[in-house]
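Source file: my_file_2.pdb; contents: PDB, C-alpha atoms, pLDDT in the B column.
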```
MODEL        1
ATOM      1  CA  MET S  27     155.564 -39.966  20.031  1.00 43.00           C
ATOM      2  CA  ALA S  28     153.111 -42.797  19.731  1.00 45.00           C
ATOM      3  CA  LYS S  29     153.054 -44.443  16.346  1.00 44.00           C
ATOM      4  CA  LYS S  30     149.981 -46.555  15.649  1.00 40.00           C
ATOM      5  CA  SER S  31     148.592 -48.290  12.630  1.00 38.00           C
ATOM      6  CA  LYS S  32     145.200 -47.192  11.298  1.00 35.00           C
ATOM      7  CA  LYS S  33     143.641 -50.394  12.654  1.00 36.00           C
ATOM      8  CA  GLN S  34     144.934 -49.618  16.169  1.00 36.00           C
ATOM      9  CA  GLN S  35     143.703 -46.041  15.951  1.00 36.00           C
ATOM     10  CA  GLN S  36     140.252 -47.236  14.887  1.00 34.00           C
ATOM     11  CA  SER S  37     140.022 -49.953  17.549  1.00 44.00           C
ATOM     12  CA  GLY S  38     141.522 -47.804  20.297  1.00 52.00           C
ATOM     13  CA  GLY S  39     144.510 -50.132  20.640  1.00 89.00           C
ATOM     14  CA  THR S  40     145.133 -52.607  23.419  1.00 96.00           C
ATOM     15  CA  PRO S  41     144.539 -51.804  27.091  1.00 97.00           C
ATOM     16  CA  ALA S  42     148.311 -51.217  27.351  1.00 97.00           C
ATOM     17  CA  THR S  43     148.464 -48.664  24.526  1.00 96.00           C
ATOM     18  CA  VAL S  44     145.270 -47.018  25.767  1.00 96.00           C
ATOM     19  CA  ALA S  45     146.854 -46.661  29.239  1.00 96.00           C
ATOM     20  CA  LEU S  46     149.995 -45.128  27.736  1.00 97.00           C
ATOM     21  CA  THR S  47     148.012 -42.724  25.572  1.00 96.00           C
ATOM     22  CA  SER S  48     145.771 -41.716  28.500  1.00 95.00           C
ATOM     23  CA  ALA S  49     148.829 -41.032  30.644  1.00 96.00           C
ATOM     24  CA  GLY S  50     150.414 -38.906  27.895  1.00 96.00           C
ATOM     25  CA  VAL S  51     153.546 -41.059  27.912  1.00 96.00           C
ATOM     26  CA  PRO S  52     155.622 -41.110  24.708  1.00 97.00           C
ATOM     27  CA  PHE S  53     155.903 -44.599  23.241  1.00 97.00           C
ATOM     28  CA  THR S  54     156.433 -46.419  19.963  1.00 96.00           C
ATOM     29  CA  VAL S  55     154.483 -49.492  18.883  1.00 96.00           C
ATOM     30  CA  HIS S  56     156.369 -52.304  17.154  1.00 94.00           C
ATOM     31  CA  ALA S  57     154.309 -54.966  15.382  1.00 93.00           C
ATOM     32  CA  TYR S  58     155.664 -58.191  13.908  1.00 92.00           C
ATOM     33  CA  ASP S  59     154.273 -61.473  12.639  1.00 91.00           C
ATOM     34  CA  HIS S  60     154.148 -63.864  15.593  1.00 89.00           C
ATOM     35  CA  ASP S  61     155.304 -67.416  14.862  1.00 88.00           C
ATOM     36  CA  PRO S  62     153.425 -69.853  17.143  1.00 87.00           C
ATOM     37  CA  ALA S  63     156.248 -72.379  16.646  1.00 88.00           C
ATOM     38  CA  HIS S  64     158.935 -70.079  18.101  1.00 87.00           C
ATOM     39  CA  PRO S  65     160.175 -71.474  21.445  1.00 86.00           C
ATOM     40  CA  SER S  66     160.407 -68.061  23.200  1.00 86.00           C
ATOM     41  CA  TYR S  67     157.983 -65.137  22.903  1.00 86.00           C
ATOM     42  CA  GLY S  68     160.571 -62.659  24.157  1.00 86.00           C
ATOM     43  CA  GLU S  69     163.455 -63.845  21.999  1.00 89.00           C
ATOM     44  CA  GLU S  70     161.120 -63.870  19.000  1.00 90.00           C
ATOM     45  CA  ALA S  71     160.227 -60.217  19.699  1.00 92.00           C
ATOM     46  CA  ALA S  72     163.895 -59.210  20.003  1.00 91.00           C
ATOM     47  CA  GLU S  73     164.792 -60.994  16.752  1.00 91.00           C
ATOM     48  CA  ALA S  74     161.783 -59.631  14.849  1.00 91.00           C
ATOM     49  CA  MET S  75     162.449 -56.047  15.947  1.00 93.00           C
ATOM     50  CA  GLY S  76     166.231 -56.266  15.589  1.00 93.00           C
ATOM     51  CA  VAL S  77     166.635 -55.128  19.197  1.00 92.00           C
ATOM     52  CA  SER S  78     169.175 -56.473  21.696  1.00 93.00           C
ATOM     53  CA  PRO S  79     167.530 -59.035  24.024  1.00 92.00           C
ATOM     54  CA  ASP S  80     168.754 -57.049  27.035  1.00 93.00           C
ATOM     55  CA  ARG S  81     166.410 -54.188  25.985  1.00 96.00           C
ATOM     56  CA  VAL S  82     163.361 -56.420  25.469  1.00 96.00           C
ATOM     57  CA  PHE S  83     161.629 -57.285  28.739  1.00 97.00           C
ATOM     58  CA  LYS S  84     159.173 -60.094  29.449  1.00 96.00           C
ATOM     59  CA  THR S  85     156.304 -59.815  31.881  1.00 97.00           C
ATOM     60  CA  LEU S  86     156.008 -62.719  34.297  1.00 97.00           C
ATOM     61  CA  VAL S  87     153.389 -63.258  36.971  1.00 98.00           C
ATOM     62  CA  ALA S  88     154.462 -64.878  40.219  1.00 98.00           C
ATOM     63  CA  ASP S  89     152.794 -65.672  43.514  1.00 98.00           C
ATOM     64  CA  VAL S  90     154.616 -64.020  46.412  1.00 98.00           C
ATOM     65  CA  ASP S  91     153.225 -65.236  49.729  1.00 98.00           C
ATOM     66  CA  GLY S  92     149.727 -65.518  48.219  1.00 97.00           C
ATOM     67  CA  THR S  93     149.832 -62.212  46.315  1.00 97.00           C
ATOM     68  CA  LEU S  94     150.061 -62.209  42.529  1.00 98.00           C
ATOM     69  CA  THR S  95     153.028 -60.032  41.593  1.00 98.00           C
ATOM     70  CA  VAL S  96     154.357 -58.915  38.215  1.00 98.00           C
ATOM     71  CA  ALA S  97     158.068 -59.200  37.434  1.00 98.00           C
ATOM     72  CA  VAL S  98     159.452 -57.435  34.355  1.00 98.00           C
ATOM     73  CA  VAL S  99     162.838 -58.890  33.386  1.00 97.00           C
ATOM     74  CA  PRO S 100     165.049 -58.976  30.273  1.00 97.00           C
ATOM     75  CA  VAL S 101     164.220 -61.791  27.850  1.00 94.00           C
ATOM     76  CA  ALA S 102     167.943 -62.622  27.814  1.00 90.00           C
ATOM     77  CA  GLY S 103     167.721 -63.747  31.448  1.00 92.00           C
ATOM     78  CA  SER S 104     165.387 -65.422  33.882  1.00 95.00           C
ATOM     79  CA  LEU S 105     163.502 -64.405  36.997  1.00 98.00           C
ATOM     80  CA  ASP S 106     165.204 -64.959  40.352  1.00 98.00           C
ATOM     81  CA  LEU S 107     162.229 -65.903  42.524  1.00 98.00           C
ATOM     82  CA  LYS S 108     164.138 -65.421  45.795  1.00 98.00           C
ATOM     83  CA  ALA S 109     165.162 -61.916  44.720  1.00 98.00           C
ATOM     84  CA  LEU S 110     161.546 -61.144  43.739  1.00 98.00           C
ATOM     85  CA  ALA S 111     160.294 -62.240  47.150  1.00 98.00           C
ATOM     86  CA  ALA S 112     162.956 -60.108  48.856  1.00 98.00           C
ATOM     87  CA  ALA S 113     162.157 -57.070  46.668  1.00 98.00           C
ATOM     88  CA  THR S 114     158.508 -57.195  47.729  1.00 97.00           C
ATOM     89  CA  GLY S 115     159.153 -57.938  51.391  1.00 97.00           C
ATOM     90  CA  GLY S 116     157.922 -61.500  50.971  1.00 97.00           C
ATOM     91  CA  LYS S 117     159.360 -64.816  52.046  1.00 97.00           C
ATOM     92  CA  ARG S 118     158.510 -67.176  49.198  1.00 97.00           C
ATOM     93  CA  ALA S 119     157.782 -66.757  45.501  1.00 98.00           C
ATOM     94  CA  ALA S 120     156.697 -69.237  42.831  1.00 98.00           C
ATOM     95  CA  MET S 121     155.490 -68.805  39.291  1.00 98.00           C
ATOM     96  CA  ALA S 122     151.735 -68.227  39.166  1.00 98.00           C
ATOM     97  CA  ASP S 123     149.368 -70.630  37.486  1.00 97.00           C
ATOM     98  CA  PRO S 124     149.249 -69.481  33.812  1.00 96.00           C
ATOM     99  CA  ALA S 125     145.429 -69.588  33.663  1.00 97.00           C
ATOM    100  CA  LEU S 126     145.176 -67.474  36.824  1.00 97.00           C
ATOM    101  CA  ALA S 127     147.732 -65.010  35.422  1.00 97.00           C
ATOM    102  CA  GLU S 128     145.689 -64.694  32.221  1.00 96.00           C
ATOM    103  CA  ARG S 129     142.377 -64.220  34.064  1.00 96.00           C
ATOM    104  CA  THR S 130     143.838 -61.672  36.477  1.00 97.00           C
ATOM    105  CA  THR S 131     145.723 -59.569  33.917  1.00 97.00           C
ATOM    106  CA  GLY S 132     143.232 -59.879  31.066  1.00 96.00           C
ATOM    107  CA  TYR S 133     146.003 -60.907  28.674  1.00 97.00           C
ATOM    108  CA  VAL S 134     147.091 -64.232  27.151  1.00 94.00           C
ATOM    109  CA  ARG S 135     150.422 -65.863  27.940  1.00 91.00           C
ATOM    110  CA  GLY S 136     153.075 -64.472  25.629  1.00 89.00           C
ATOM    111  CA  GLY S 137     151.120 -61.224  25.419  1.00 93.00           C
ATOM    112  CA  ILE S 138     150.889 -60.206  29.082  1.00 96.00           C
ATOM    113  CA  SER S 139     151.752 -56.540  29.396  1.00 97.00           C
ATOM    114  CA  PRO S 140     152.736 -54.821  32.640  1.00 98.00           C
ATOM    115  CA  LEU S 141     150.423 -51.997  31.499  1.00 98.00           C
ATOM    116  CA  GLY S 142     146.633 -51.851  31.326  1.00 97.00           C
ATOM    117  CA  GLN S 143     146.030 -55.014  33.300  1.00 97.00           C
ATOM    118  CA  ARG S 144     142.487 -55.930  34.344  1.00 95.00           C
ATOM    119  CA  LYS S 145     143.618 -55.905  37.999  1.00 94.00           C
ATOM    120  CA  LYS S 146     146.597 -53.752  38.965  1.00 93.00           C
ATOM    121  CA  LEU S 147     149.196 -55.984  40.570  1.00 97.00           C
ATOM    122  CA  PRO S 148     152.334 -55.132  42.560  1.00 97.00           C
ATOM    123  CA  THR S 149     155.151 -54.815  40.016  1.00 98.00           C
ATOM    124  CA  VAL S 150     158.922 -55.181  40.165  1.00 98.00           C
ATOM    125  CA  LEU S 151     161.032 -53.953  37.242  1.00 98.00           C
ATOM    126  CA  ASP S 152     164.522 -55.408  36.998  1.00 98.00           C
ATOM    127  CA  ALA S 153     167.087 -52.736  37.857  1.00 98.00           C
ATOM    128  CA  SER S 154     168.955 -53.383  34.580  1.00 97.00           C
ATOM    129  CA  ALA S 155     166.173 -51.481  32.781  1.00 98.00           C
ATOM    130  CA  SER S 156     167.595 -48.179  34.016  1.00 97.00           C
ATOM    131  CA  ALA S 157     170.758 -48.756  31.981  1.00 97.00           C
ATOM    132  CA  HIS S 158     168.751 -48.165  28.783  1.00 97.00           C
ATOM    133  CA  GLU S 159     167.180 -45.041  27.329  1.00 97.00           C
ATOM    134  CA  THR S 160     164.200 -47.142  26.208  1.00 98.00           C
ATOM    135  CA  ILE S 161     163.034 -50.718  26.705  1.00 98.00           C
ATOM    136  CA  CYS S 162     160.395 -52.828  24.977  1.00 97.00           C
ATOM    137  CA  VAL S 163     157.572 -54.685  26.722  1.00 97.00           C
ATOM    138  CA  SER S 164     154.492 -56.468  25.457  1.00 96.00           C
ATOM    139  CA  ALA S 165     151.750 -54.180  24.241  1.00 96.00           C
ATOM    140  CA  GLY S 166     149.117 -56.723  25.228  1.00 95.00           C
ATOM    141  CA  ARG S 167     149.158 -59.319  22.502  1.00 93.00           C
ATOM    142  CA  ARG S 168     151.609 -61.643  20.824  1.00 92.00           C
ATOM    143  CA  GLY S 169     153.414 -59.849  18.016  1.00 93.00           C
ATOM    144  CA  LEU S 170     152.975 -56.359  19.470  1.00 95.00           C
ATOM    145  CA  GLU S 171     155.501 -54.503  21.642  1.00 96.00           C
ATOM    146  CA  VAL S 172     155.722 -50.978  23.028  1.00 97.00           C
ATOM    147  CA  GLU S 173     158.987 -49.121  23.425  1.00 97.00           C
ATOM    148  CA  LEU S 174     159.157 -46.577  26.214  1.00 98.00           C
ATOM    149  CA  ALA S 175     161.473 -45.077  28.819  1.00 98.00           C
ATOM    150  CA  PRO S 176     161.998 -47.425  31.772  1.00 98.00           C
ATOM    151  CA  GLN S 177     161.154 -44.661  34.253  1.00 98.00           C
ATOM    152  CA  ASP S 178     157.806 -44.099  32.507  1.00 98.00           C
ATOM    153  CA  LEU S 179     157.038 -47.816  32.843  1.00 98.00           C
ATOM    154  CA  ALA S 180     158.039 -47.755  36.517  1.00 98.00           C
ATOM    155  CA  ASP S 181     155.909 -44.670  37.163  1.00 97.00           C
ATOM    156  CA  LEU S 182     152.806 -46.039  35.423  1.00 97.00           C
ATOM    157  CA  THR S 183     152.964 -49.405  37.174  1.00 97.00           C
ATOM    158  CA  ASN S 184     154.182 -48.075  40.544  1.00 97.00           C
ATOM    159  CA  ALA S 185     157.029 -50.553  40.117  1.00 98.00           C
ATOM    160  CA  VAL S 186     159.832 -51.185  42.526  1.00 97.00           C
ATOM    161  CA  LEU S 187     163.212 -51.246  40.758  1.00 97.00           C
ATOM    162  CA  ALA S 188     165.286 -54.160  42.036  1.00 98.00           C
ATOM    163  CA  PRO S 189     167.763 -56.726  40.700  1.00 98.00           C
ATOM    164  CA  VAL S 190     165.373 -59.657  40.139  1.00 98.00           C
ATOM    165  CA  ALA S 191     166.832 -61.145  36.947  1.00 97.00           C
ATOM    166  CA  ARG S 192     169.702 -63.525  36.535  1.00 94.00           C
ATOM    167  CA  ALA S 193     171.700 -64.223  33.389  1.00 84.00           C
TER
ENDMDL
END
```
What does this structure look like when you write it as C-alpha cells?
Amino acid sequence: MAKKSKKQQQSGGTPATVALTSAGVPFTVHAYDHDPAHPSYGEEAAEAMGVSPDRVFKTLVADVDGTLTVAVVPVAGSLDLKALAAATGGKRAAMADPALAERTTGYVRGGISPLGQRKKLPTVLDASASAHETICVSAGRRGLEVELAPQDLADLTNAVLAPVARA
C-alpha cells in the first residue's frame, strides 16, 4: 500500500507518485534527508534507507541513435552503453546531455524518476531487477524514493528487460 506523508497527500505528491497512485500500483515512499555533498545520489539513497545497493536503481538518460532512452540500473553498477544500444535495436549509445535530460523528463539530475516523466521515453530496466521482490527508484526528487515490484515498474514504463548494467 502507498504510504505518504501528510504534505505529499496535500500536494498530490510528485508526478511519479501520482502516476503510481493513478495506476493503482502498490508502492511505498521512502524519504530521507539529501546531503548535497554526497558523491553518489544512488549510494546515498541505499545508505539512508538501509537497503542493499543492488535493490536501489538509478535512472539514467542516454541518447541511442538520436533517441533519448531511459536506462534503469542498480546503483551498485554502471550502465553498459553498448548493451543499451543492443537492447533497443540501436547501434550507438552515449549519455544524454544532463540539461536535455532534465528538460525532457521534467526532473532534476539526482531526482529523475522512470515514472511520471514529462515526455514518455523508451525505457530499459536491467534484468537483475527481476531477482528482487521489490526495488527502489527515484520518486522524482532528491531524497525521495519509491519501492515497488519490478514487474509493476516495467509495466508502467513499457520497459524492455535486458542486461544493461555491469558491476
Ground truth for the PyMOL selection byres ((chain S and resi 188) around 9), written as a PyMOL selection string: chain S and resi 109-110+113+150-154+186-187+189-191
I'd like to see the residues matched by the PyMOL selection byres ((chain S and resi 78) around 10) on this file, and ideally I'd get them as a PyMOL selection string. chain S and resi 69+71-73+75-77+79-82+100-102+161
Mind checking which residues fall within 9 Å of Thr131 of chain S, counting all atoms listed in the file, ignoring those fewer than 4 positions away in the same chain, and posting them as a PyMOL selection string? chain S and resi 126-127+138-140+142-147
Could you give me, as an MDAnalysis selection string, the residues within 6 Å of Gly169 of chain S, counting all atoms listed in the file and dropping anything in the same chain fewer than 5 positions from it? chainID S and resid 57:60
What does the distance between atom CA of Leu182 of chain S and atom CA of Gly136 of chain S come to in Å, to one decimal place?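 Atom CA of Gly136 of chain S lies 20.9 Å from atom CA of Leu182 of chain S.
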As a check of understanding: the span from atom CA of Gly39 of chain S to atom CA of Glu159 of chain S is 24.2 Å
